[in-house]
$ cat my_file_12.txt   # compact mmCIF, C-alpha atoms and all ligand atoms
# COMPACT_ATOMS: atom_id res chain seq x y z
CA MET A 1 95.09 93.70 130.45
CA TYR A 2 96.80 94.59 127.18
CA LYS A 3 94.08 92.86 125.18
CA ASN A 4 91.36 94.87 126.89
CA LYS A 5 92.93 98.18 125.93
CA ALA A 6 90.86 98.58 122.79
CA ARG A 7 87.83 96.68 121.56
CA ILE A 8 85.84 97.32 118.43
CA LYS A 9 82.88 99.59 119.03
CA GLU A 10 81.93 100.39 115.46
CA ILE A 11 83.01 99.74 111.87
CA LYS A 12 82.00 102.24 109.20
CA ALA A 13 82.54 101.84 105.48
CA ARG A 14 82.06 104.17 102.56
CA LYS A 15 82.64 104.21 98.84
CA VAL A 16 85.55 106.42 97.76
CA ILE A 17 87.26 107.17 94.47
CA ASP A 18 90.73 106.03 93.53
CA ASN A 19 93.17 107.87 91.25
CA ARG A 20 91.74 106.17 88.16
CA GLY A 21 88.24 107.33 89.09
CA THR A 22 87.24 103.78 90.01
CA THR A 23 85.05 103.10 93.05
CA SER A 24 86.99 101.84 96.05
CA ILE A 25 86.18 101.28 99.74
CA GLU A 26 87.40 103.07 102.85
CA VAL A 27 86.77 101.68 106.34
CA ASP A 28 86.97 103.21 109.81
CA ILE A 29 87.34 100.96 112.82
CA ILE A 30 86.35 102.82 115.98
CA THR A 31 87.38 101.48 119.36
CA THR A 32 85.91 101.54 122.85
CA ASN A 33 88.62 104.09 123.76
CA ASP A 34 87.38 106.28 120.88
CA ILE A 35 90.35 105.82 118.62
CA MET A 36 89.92 105.37 114.90
CA GLY A 37 91.90 103.34 112.37
CA ARG A 38 91.12 104.32 108.79
CA ALA A 39 92.25 102.47 105.67
CA SER A 40 91.71 102.20 101.94
CA ALA A 41 93.72 100.23 99.41
CA PRO A 42 94.79 100.48 95.78
CA PHE A 43 93.46 97.84 93.45
CA GLY A 44 95.96 97.19 90.61
CA ALA A 45 95.19 97.33 86.90
CA PRO A 46 93.34 94.64 85.00
CA GLY A 47 96.05 92.97 82.94
CA SER A 48 98.65 93.83 85.57
CA LYS A 49 97.17 91.83 88.43
CA GLY A 50 98.77 88.41 88.84
CA ASP A 51 96.83 85.31 87.77
CA PHE A 52 97.43 83.80 91.22
CA GLU A 53 96.66 86.71 93.52
CA ALA A 54 93.57 86.72 95.77
CA PRO A 55 90.54 88.33 94.07
CA GLY A 56 90.22 92.04 94.92
CA TYR A 57 86.44 91.90 95.19
CA PRO A 58 83.75 89.19 94.99
CA PRO A 59 82.00 88.76 91.60
CA GLY A 60 79.46 91.52 92.43
CA GLY A 61 82.31 94.03 93.02
CA VAL A 62 82.39 96.76 95.66
CA ASP A 63 78.63 96.54 96.35
CA GLU A 64 78.74 92.83 97.10
CA ALA A 65 81.80 93.34 99.35
CA LEU A 66 79.95 96.06 101.26
CA ARG A 67 76.83 93.87 101.65
CA PHE A 68 79.02 91.09 103.05
CA LEU A 69 80.71 93.52 105.42
CA HIS A 70 77.45 94.82 106.87
CA SER A 71 75.49 91.58 106.98
CA THR A 72 78.20 89.10 107.99
CA ALA A 73 81.51 90.65 109.07
CA ILE A 74 80.63 93.64 111.27
CA PRO A 75 78.29 91.73 113.64
CA GLN A 76 81.07 89.21 114.33
CA PHE A 77 83.77 91.81 114.90
CA LEU A 78 81.92 94.03 117.39
CA GLY A 79 83.42 93.74 120.88
CA MET A 80 86.58 92.01 119.66
CA SER A 81 89.99 93.21 120.88
CA LEU A 82 92.22 94.59 118.17
CA MET A 83 95.44 94.43 120.12
CA VAL A 84 96.48 91.06 118.68
CA GLN A 85 96.84 91.42 114.93
CA GLU A 86 97.10 87.70 114.25
CA GLU A 87 93.82 86.99 116.01
CA PHE A 88 92.07 89.73 114.07
CA ASP A 89 93.45 88.41 110.77
CA MET A 90 92.51 84.84 111.67
CA MET A 91 89.00 86.05 112.34
CA LEU A 92 88.94 87.63 108.86
CA HIS A 93 89.77 84.21 107.40
CA GLU A 94 87.10 82.50 109.51
CA ILE A 95 84.40 85.00 108.60
CA ASP A 96 85.19 84.78 104.89
CA GLY A 97 85.44 81.00 104.98
CA THR A 98 87.27 80.56 101.64
CA PRO A 99 91.02 79.99 101.12
CA ASN A 100 91.52 83.31 99.28
CA PHE A 101 88.89 85.80 100.46
CA ALA A 102 86.62 84.99 97.56
CA ARG A 103 83.50 86.07 99.51
CA MET A 104 84.54 89.47 100.86
CA GLY A 105 87.41 90.19 98.45
CA ALA A 106 91.04 90.66 99.43
CA ASN A 107 90.77 94.44 99.14
CA LEU A 108 88.14 94.57 101.87
CA SER A 109 89.99 92.11 104.14
CA THR A 110 93.20 94.09 103.58
CA ILE A 111 91.74 97.41 104.65
CA LEU A 112 90.08 95.86 107.71
CA SER A 113 93.40 94.28 108.68
CA ILE A 114 95.24 97.59 108.20
CA ALA A 115 92.59 99.67 109.99
CA CYS A 116 92.89 97.26 112.95
CA ALA A 117 96.69 97.74 113.08
CA LYS A 118 96.38 101.52 112.81
CA ALA A 119 93.87 101.71 115.68
CA ALA A 120 96.06 99.44 117.83
CA ALA A 121 99.18 101.54 117.09
CA GLU A 122 97.32 104.71 118.01
CA THR A 123 96.08 103.07 121.21
CA VAL A 124 99.62 102.42 122.39
CA GLY A 125 100.82 105.79 121.05
CA LEU A 126 103.28 104.54 118.45
CA PRO A 127 103.70 105.25 114.75
CA LEU A 128 102.56 102.22 112.79
CA TYR A 129 106.08 101.38 111.62
CA ARG A 130 107.24 101.08 115.22
CA TYR A 131 104.14 99.21 116.43
CA LEU A 132 104.55 96.59 113.70
CA GLY A 133 108.33 96.71 113.33
CA GLY A 134 109.66 97.28 116.84
CA ALA A 135 112.19 99.67 118.29
CA HIS A 136 115.13 98.85 116.06
CA ASN A 137 114.01 100.05 112.65
CA ASP A 138 117.00 101.52 110.91
CA ILE A 139 116.27 101.16 107.22
CA ASN A 140 114.22 103.48 105.08
CA CYS A 141 112.94 102.35 101.73
CA TRP A 142 115.04 103.54 98.77
CA PRO A 143 113.07 104.72 95.70
CA ILE A 144 112.78 102.78 92.46
CA LEU A 145 110.98 105.45 90.45
CA ASN A 146 108.54 104.57 87.68
CA THR A 147 109.66 107.04 85.00
CA ILE A 148 108.41 105.78 81.61
CA GLY A 149 105.21 103.74 81.55
CA GLY A 150 103.39 101.40 79.22
CA GLY A 151 101.78 97.95 79.21
CA PRO A 152 98.55 97.61 81.19
CA HIS A 153 98.97 101.12 82.66
CA ALA A 154 98.74 102.83 79.27
CA ARG A 155 97.29 102.33 75.78
CA LYS A 156 98.26 99.05 74.20
CA GLY A 157 100.10 99.30 70.91
CA VAL A 158 100.77 103.03 71.34
CA ALA A 159 102.88 103.17 74.50
CA PRO A 160 105.85 100.88 75.25
CA ASP A 161 104.93 97.22 75.80
CA MET A 162 106.61 96.89 79.19
CA GLN A 163 104.65 98.31 82.11
CA GLU A 164 107.37 100.25 83.92
CA HIS A 165 110.85 101.63 83.22
CA HIS A 166 112.48 102.86 86.43
CA LEU A 167 115.36 105.00 87.62
CA ILE A 168 117.17 104.10 90.85
CA PRO A 169 119.45 106.73 92.45
CA VAL A 170 121.87 104.28 94.08
CA GLY A 171 124.53 107.00 94.43
CA ALA A 172 122.46 109.33 96.61
CA GLU A 173 123.66 109.68 100.17
CA ASN A 174 120.33 109.63 101.95
CA PHE A 175 116.64 109.17 101.25
CA GLU A 176 115.92 112.87 100.84
CA GLU A 177 118.71 113.25 98.29
CA ALA A 178 117.45 110.11 96.53
CA VAL A 179 113.90 111.48 96.26
CA PHE A 180 114.97 114.81 94.83
CA ALA A 181 117.39 113.13 92.44
CA CYS A 182 114.45 111.01 91.27
CA ARG A 183 112.37 114.13 90.79
CA ASP A 184 115.10 115.79 88.69
CA ALA A 185 115.69 112.59 86.71
CA TRP A 186 111.96 112.20 86.03
CA ILE A 187 111.77 115.79 84.72
CA LEU A 188 114.88 115.25 82.59
CA ALA A 189 113.47 112.02 81.12
CA GLY A 190 110.28 113.90 80.15
CA GLU A 191 112.35 116.65 78.50
CA ILE A 192 114.47 114.19 76.54
CA CYS A 193 111.30 112.44 75.32
CA ARG A 194 109.75 115.74 74.24
CA LYS A 195 112.89 116.68 72.31
CA LYS A 196 113.47 113.31 70.70
CA PHE A 197 109.91 112.30 69.86
CA GLN A 198 107.96 115.16 68.30
CA THR A 199 104.54 113.51 68.75
CA PHE A 200 104.96 113.11 72.52
CA THR A 201 102.63 115.59 74.19
CA GLY A 202 103.77 115.06 77.78
CA GLY A 203 101.10 112.54 78.71
CA GLN A 204 101.38 110.30 81.78
CA ASP A 205 99.95 106.89 82.64
CA ASP A 206 98.05 105.52 85.66
CA GLU A 207 101.17 105.98 87.77
CA ALA A 208 102.41 109.39 86.60
CA ALA A 209 105.12 107.86 84.41
CA TRP A 210 105.67 109.47 80.98
CA VAL A 211 104.06 107.63 78.09
CA PRO A 212 105.79 108.62 74.87
CA PRO A 213 104.72 106.72 71.74
CA ILE A 214 107.97 104.72 71.56
CA ASN A 215 109.07 101.14 71.98
CA ASP A 216 110.85 99.71 75.00
CA TRP A 217 114.34 99.84 73.56
CA GLU A 218 113.89 103.55 72.85
CA ALA A 219 112.52 104.08 76.37
CA LEU A 220 115.59 102.36 77.85
CA GLU A 221 117.87 104.52 75.69
CA VAL A 222 116.21 107.61 77.18
CA LEU A 223 116.83 106.31 80.70
CA GLU A 224 120.41 105.41 79.82
CA GLU A 225 120.94 109.01 78.72
CA VAL A 226 119.52 110.22 82.05
CA CYS A 227 121.90 107.86 83.89
CA GLN A 228 124.89 109.17 81.94
CA ARG A 229 123.99 112.78 82.72
CA PHE A 230 123.70 111.94 86.43
CA ASN A 231 126.91 109.94 86.38
CA GLN A 232 128.69 112.98 84.89
CA LYS A 233 127.40 115.01 87.87
CA GLY A 234 128.82 112.40 90.23
CA MET A 235 125.66 110.55 91.15
CA ARG A 236 125.30 106.92 90.13
CA MET A 237 121.86 106.19 88.68
CA MET A 238 120.69 102.73 87.58
CA ILE A 239 117.75 101.38 85.58
CA GLY A 240 114.93 98.98 86.42
CA ILE A 241 112.01 97.45 84.53
CA ASP A 242 108.73 95.74 85.29
CA VAL A 243 107.93 93.84 82.11
CA ALA A 244 104.55 92.59 83.43
CA SER A 245 105.17 89.68 81.06
CA GLY A 246 101.92 87.95 81.97
CA ASN A 247 100.24 90.71 79.98
CA LEU A 248 102.38 90.04 76.89
CA TYR A 249 102.07 86.27 77.09
CA ASP A 250 99.55 84.50 74.84
CA LYS A 251 98.93 81.20 76.65
CA LYS A 252 97.19 79.51 73.74
CA ARG A 253 100.02 80.13 71.29
CA ASN A 254 102.84 80.03 73.89
CA VAL A 255 104.33 83.27 72.58
CA TYR A 256 104.96 86.79 73.88
CA VAL A 257 103.27 89.47 71.78
CA TRP A 258 105.06 92.85 71.78
CA GLN A 259 102.38 94.96 70.17
CA LYS A 260 104.10 98.35 70.01
CA GLU A 261 107.28 96.79 68.72
CA GLY A 262 105.26 94.66 66.26
CA VAL A 263 107.15 91.50 67.22
CA THR A 264 106.04 88.08 68.48
CA ARG A 265 108.67 86.13 70.45
CA THR A 266 108.82 82.46 71.38
CA PRO A 267 109.72 81.82 75.06
CA LYS A 268 113.34 81.19 73.99
CA GLU A 269 113.44 84.45 72.00
CA HIS A 270 111.82 86.29 74.91
CA PHE A 271 114.44 84.88 77.27
CA ASP A 272 117.23 85.97 74.94
CA TYR A 273 115.70 89.44 74.65
CA MET A 274 115.63 89.80 78.46
CA CYS A 275 119.32 88.78 78.50
CA LYS A 276 120.10 91.34 75.80
CA ILE A 277 118.42 94.09 77.85
CA ALA A 278 120.32 92.98 80.98
CA GLU A 279 123.60 93.21 79.07
CA SER A 280 122.96 96.41 77.12
CA PHE A 281 121.79 98.90 79.77
CA SER A 282 122.72 99.94 83.32
CA MET A 283 120.23 97.43 84.72
CA TYR A 284 119.90 96.80 88.43
CA TYR A 285 116.27 95.68 88.73
CA MET A 286 114.24 93.35 86.48
CA GLU A 287 110.70 92.37 87.55
CA ASP A 288 108.19 89.95 86.06
CA ILE A 289 110.36 89.24 83.07
CA PHE A 290 108.54 85.97 82.32
CA HIS A 291 104.90 84.93 82.55
CA ASP A 292 103.08 84.35 85.86
CA ASN A 293 103.94 80.65 86.19
CA ASP A 294 107.36 80.36 84.56
CA PHE A 295 109.46 79.39 87.59
CA GLU A 296 111.90 77.64 85.27
CA GLY A 297 112.56 80.69 83.07
CA PHE A 298 113.11 82.84 86.17
CA ALA A 299 115.51 80.27 87.66
CA LYS A 300 117.55 80.13 84.45
CA PHE A 301 117.75 83.92 84.27
CA THR A 302 118.62 84.28 87.98
CA GLU A 303 121.41 81.74 87.56
CA LYS A 304 122.85 83.95 84.84
CA PHE A 305 122.28 87.46 86.25
CA GLY A 306 121.23 87.05 89.91
CA LYS A 307 124.67 87.94 91.26
CA LYS A 308 124.69 91.39 89.72
CA MET A 309 121.13 92.63 89.91
CA LEU A 310 117.75 92.17 91.56
CA VAL A 311 115.63 89.62 89.70
CA CYS A 312 112.21 90.22 91.16
CA GLY A 313 108.94 88.28 91.16
CA ASP A 314 105.61 90.02 91.56
CA ASP A 315 102.88 88.33 89.51
CA LEU A 316 104.92 85.12 89.73
CA LEU A 317 104.87 85.11 93.54
CA VAL A 318 101.87 87.31 94.44
CA SER A 319 103.31 87.82 97.97
CA ASN A 320 102.09 84.29 98.69
CA PHE A 321 104.03 82.17 101.20
CA ASP A 322 103.72 78.88 99.28
CA ARG A 323 104.67 80.36 95.92
CA VAL A 324 107.68 82.15 97.44
CA LYS A 325 108.72 78.89 99.13
CA GLN A 326 108.54 77.11 95.78
CA ALA A 327 110.51 79.91 94.11
CA ILE A 328 113.21 79.81 96.79
CA LYS A 329 113.52 76.05 96.32
CA VAL A 330 114.24 76.40 92.60
CA GLY A 331 116.18 79.69 92.85
CA ALA A 332 113.64 81.49 90.70
CA CYS A 333 114.49 85.08 91.80
CA ASN A 334 116.44 86.88 94.49
CA SER A 335 113.81 89.45 95.43
CA LEU A 336 110.05 89.81 95.59
CA ILE A 337 107.38 92.47 95.51
CA ILE A 338 105.28 92.91 98.64
CA LYS A 339 101.64 93.93 98.22
CA VAL A 340 99.21 93.28 101.08
CA ASN A 341 96.08 93.03 98.96
CA MET A 342 97.57 90.12 97.03
CA THR A 343 97.17 88.00 100.19
CA GLY A 344 94.43 89.89 102.05
CA THR A 345 95.92 90.41 105.56
CA LEU A 346 98.96 91.92 107.25
CA THR A 347 99.68 88.61 108.98
CA ASP A 348 99.73 86.58 105.76
CA THR A 349 101.90 89.14 104.02
CA TYR A 350 104.32 89.43 106.92
CA ARG A 351 104.74 85.64 106.95
CA THR A 352 105.98 85.95 103.37
CA VAL A 353 108.27 88.88 104.23
CA ARG A 354 109.80 86.85 107.08
CA LEU A 355 110.38 83.90 104.77
CA ALA A 356 112.14 86.24 102.34
CA HIS A 357 114.42 87.66 105.04
CA GLU A 358 115.23 84.19 106.37
CA ASN A 359 116.39 83.19 102.89
CA LYS A 360 118.23 86.44 102.15
CA TRP A 361 115.76 87.44 99.48
CA ILE A 362 115.09 91.17 99.20
CA PRO A 363 111.50 92.27 99.95
CA ILE A 364 110.55 95.28 97.83
CA LYS A 365 107.50 97.22 98.76
CA SER A 366 105.31 98.47 95.95
CA ALA A 367 102.61 101.01 95.43
CA ARG A 368 99.80 99.80 93.14
CA SER A 369 97.90 101.48 90.40
CA GLY A 370 94.41 102.68 91.28
CA GLU A 371 95.88 104.41 94.34
CA THR A 372 94.03 106.03 97.20
CA GLU A 373 95.51 108.62 99.56
CA ASP A 374 96.29 106.01 102.22
CA ALA A 375 100.07 106.06 102.63
CA VAL A 376 100.24 102.95 104.81
CA ILE A 377 102.68 101.10 102.52
CA THR A 378 105.41 103.52 103.55
CA GLN A 379 104.93 102.53 107.20
CA LEU A 380 104.88 98.84 106.27
CA ALA A 381 108.04 99.17 104.20
CA VAL A 382 109.96 100.47 107.21
CA ALA A 383 108.31 98.07 109.69
CA TRP A 384 109.15 95.09 107.49
CA ARG A 385 112.65 96.30 106.55
CA CYS A 386 112.18 96.59 102.81
CA PRO A 387 115.38 98.29 101.59
CA LEU A 388 113.82 99.34 98.28
CA GLY A 389 110.36 100.28 97.10
CA LYS A 390 108.59 101.14 93.87
CA PHE A 391 107.38 104.74 93.96
CA ARG A 392 105.47 107.01 91.64
CA LEU A 393 106.28 110.69 91.71
CA ALA A 394 103.46 112.99 90.70
CA GLY A 395 99.73 112.80 91.37
CA ILE A 396 98.76 110.70 94.35
CA GLY A 397 102.20 109.07 94.39
CA CYS A 398 103.60 112.16 96.10
CA VAL A 399 101.46 111.40 99.18
CA LYS A 400 103.53 108.28 99.76
CA ILE A 401 106.87 109.89 99.00
CA ASN A 402 106.11 112.76 101.37
CA GLU A 403 105.10 110.32 104.13
CA GLN A 404 108.36 108.42 103.61
CA LEU A 405 110.25 111.74 103.94
CA ARG A 406 108.51 112.33 107.28
CA ILE A 407 109.49 108.86 108.49
CA GLU A 408 113.08 109.59 107.43
CA GLU A 409 112.96 112.69 109.62
CA ASP A 410 111.81 110.55 112.57
CA LEU A 411 114.58 108.03 111.95
CA LYS A 412 117.24 110.55 111.03
CA LYS A 413 119.81 109.64 113.68
CA VAL A 414 119.69 105.89 113.09
CA VAL A 415 118.65 105.39 109.49
CA LYS A 416 121.14 103.62 107.23
CA LYS A 417 121.44 103.63 103.48
CA PRO A 418 120.72 100.13 102.15
CA ASN A 419 123.82 98.36 100.93
CA PHE A 420 122.23 97.59 97.53
CA PRO A 421 122.51 93.84 97.37
CA TYR A 422 124.20 92.47 94.23
CA LEU A 423 125.13 95.91 92.89
CA LEU A 424 128.56 95.67 91.29
C1 LIG B 1 102.96 96.24 89.49
O1 LIG B 1 102.65 95.37 88.67
O2 LIG B 1 103.98 96.18 90.18
C2 LIG B 1 102.03 97.36 89.67
C3 LIG B 1 102.32 98.33 90.48
O3 LIG B 1 100.91 97.32 88.94
P1 LIG B 1 99.43 97.09 89.46
O4 LIG B 1 99.29 97.84 90.73
O5 LIG B 1 98.58 97.65 88.36
O6 LIG B 1 99.25 95.62 89.65
$ encode --input "my_file_12.txt" --output "structure tokens"
Amino acid sequence: MYKNKARIKEIKARKVIDNRGTTSIEVDIITTNDIMGRASAPFGAPGSKGDFEAPGYPPGGVDEALRFLHSTAIPQFLGMSLMVQEEFDMMLHEIDGTPNFARMGANLSTILSIACAKAAAETVGLPLYRYLGGAHNDINCWPILNTIGGGPHARKGVAPDMQEHHLIPVGAENFEEAVFACRDAWILAGEICRKKFQTFTGGQDDEAAWVPPINDWEALEVLEEVCQRFNQKGMRMMIGIDVASGNLYDKKRNVYVWQKEGVTRTPKEHFDYMCKIAESFSMYYMEDIFHDNDFEGFAKFTEKFGKKMLVCGDDLLVSNFDRVKQAIKVGACNSLIIKVNMTGTLTDTYRTVRLAHENKWIPIKSARSGETEDAVITQLAVAWRCPLGKFRLAGIGCVKINEQLRIEEDLKKVVKKPNFPYLL
């Protein structure tokens, strides 16, 4: 009976534009009860995408993905029930026929999977976070705000070498206070940069983070100043980074090239530099500090710092169940980034989230660059109990923050502040 509630009547797809001006795809799944699930997904930046994540599109790009959708996928989906997410996602795997969505691309499979879940949630009259997460959601997703940008999201050699430098308002009392503290801290960071670095014109990167022409140490000093000013006002603010080290790593020479800083570091020197950063600033979050396959380096670092901060794997783990299992075995991190289009379906990604929870690793939801206006990650973050999430503030990032504020309003009576694992 439940399964017959909604079957697929029609699937429409169109090209849309993402926030970088790149072509993306949006799909609508329309059901026999005339409900629609609509989805589009961000892509990630070349240079920032992990070596081991599923390919976003087949070799012929968006056009080839759309041809595959119309000629092969849609005919097989028509008439299928969308009330059992796992069956729908299994069907996506069967239709594609490769281990990693190489034929349709993981961006297309992701948006079909999400559109299915949205239509099913609407059919039973629940917000997506309740349909996927159940009745007992009580955690909203605390912001880790990308404040100063660089790396693959900005111009190499001009902006900082690390991709993201974050602020985390751990002292705020609730999500709303956290968001507005982030907003004030982001404005303050921009002002400090303008004052300190005369050539900074106020430019922002792909994710609305400031991109002053400074190196990473200087960027961290700016954030430290912001933290101190907030601490003086009685709100504890901490710092995070996403080094996106895979982008700095030169495989052939086995060195990390810091172009803006004008320094090349051996893996040992790079490790020591990460330790120096961990010890010199108010660090609470360090992501992708070593290259995409350096489980050993991560394990060594986590051994040293994993009891006082979040050591997070994104490009190392690519939300992939087997890679996370391997990382857990060797103690490579204590947290991981969750991005659905790294695996290609909600079911595959949730399997990884469950593995993380079972092993007391912290799942951190993340927006991606090349964003669309689909705010689904906010719903997933609550459904999957991610206590923290990477946010961007201005531009299209505000769509997601505002959606998270609406969810907070829904949850107001029950929502709890995360207890910030490992924060001393
Ligand atoms: C990231 O690496 O966490 C990120 C958000 O970048 P991208 O979306 O470009 O992969």
$ residues_near_ligand --input "my_file_12.txt" --ligand "ligand LIG 1 (chain B)" --cutoff "9 Å" --atoms "only C-alpha atoms and all ligand atoms" --output "number ranges by chain"
A: 42-50, 152-153, 163-164, 206-207, 242-244, 287-288, 314-315, 337, 339, 366-371, 390-391
$ closest_residue --input "my_file_12.txt" --among "A:Pro99, A:Gly397, A:Gly344, A:Gly134" --to "Glu373 of chain A" --atoms "only C-alpha atoms"
A:Gly397
$ atom_distance --input "my_file_12.txt" --atom1 "atom CA of Thr147 of chain A" --atom2 "atom CA of Gln204 of chain A"
9.5 Å
$ residues_near_point --input "my_file_12.txt" --point "(117.2, 99.9, 72.3)" --cutoff "12 Å" --atoms "all atoms listed in the file" --output "PyMOL selection string"
chain A and resi 160+214-225+261+273-274+276-281
$ write_last_selection --input "my_file_12.txt" --atoms "C-alpha atoms" --output "compact mmCIF listing (two decimals), in the frame of the given file"
# COMPACT_ATOMS: atom_id res chain seq x y z
CA PRO A 160 105.85 100.88 75.25
CA ILE A 214 107.97 104.72 71.56
CA ASN A 215 109.07 101.14 71.98
CA ASP A 216 110.85 99.71 75.00
CA TRP A 217 114.34 99.84 73.56
CA GLU A 218 113.89 103.55 72.85
CA ALA A 219 112.52 104.08 76.37
CA LEU A 220 115.59 102.36 77.85
CA GLU A 221 117.87 104.52 75.69
CA VAL A 222 116.21 107.61 77.18
CA LEU A 223 116.83 106.31 80.70
CA GLU A 224 120.41 105.41 79.82
CA GLU A 225 120.94 109.01 78.72
CA GLU A 261 107.28 96.79 68.72
CA TYR A 273 115.70 89.44 74.65
CA MET A 274 115.63 89.80 78.46
CA LYS A 276 120.10 91.34 75.80
CA ILE A 277 118.42 94.09 77.85
CA ALA A 278 120.32 92.98 80.98
CA GLU A 279 123.60 93.21 79.07
CA SER A 280 122.96 96.41 77.12
CA PHE A 281 121.79 98.90 79.77
$ closest_residue --input "my_file_12.txt" --among "A:Lys252, A:Leu132, A:Gln379, A:Glu10" --to "Asp410 of chain A" --atoms "only C-alpha atoms"
A:Gln379
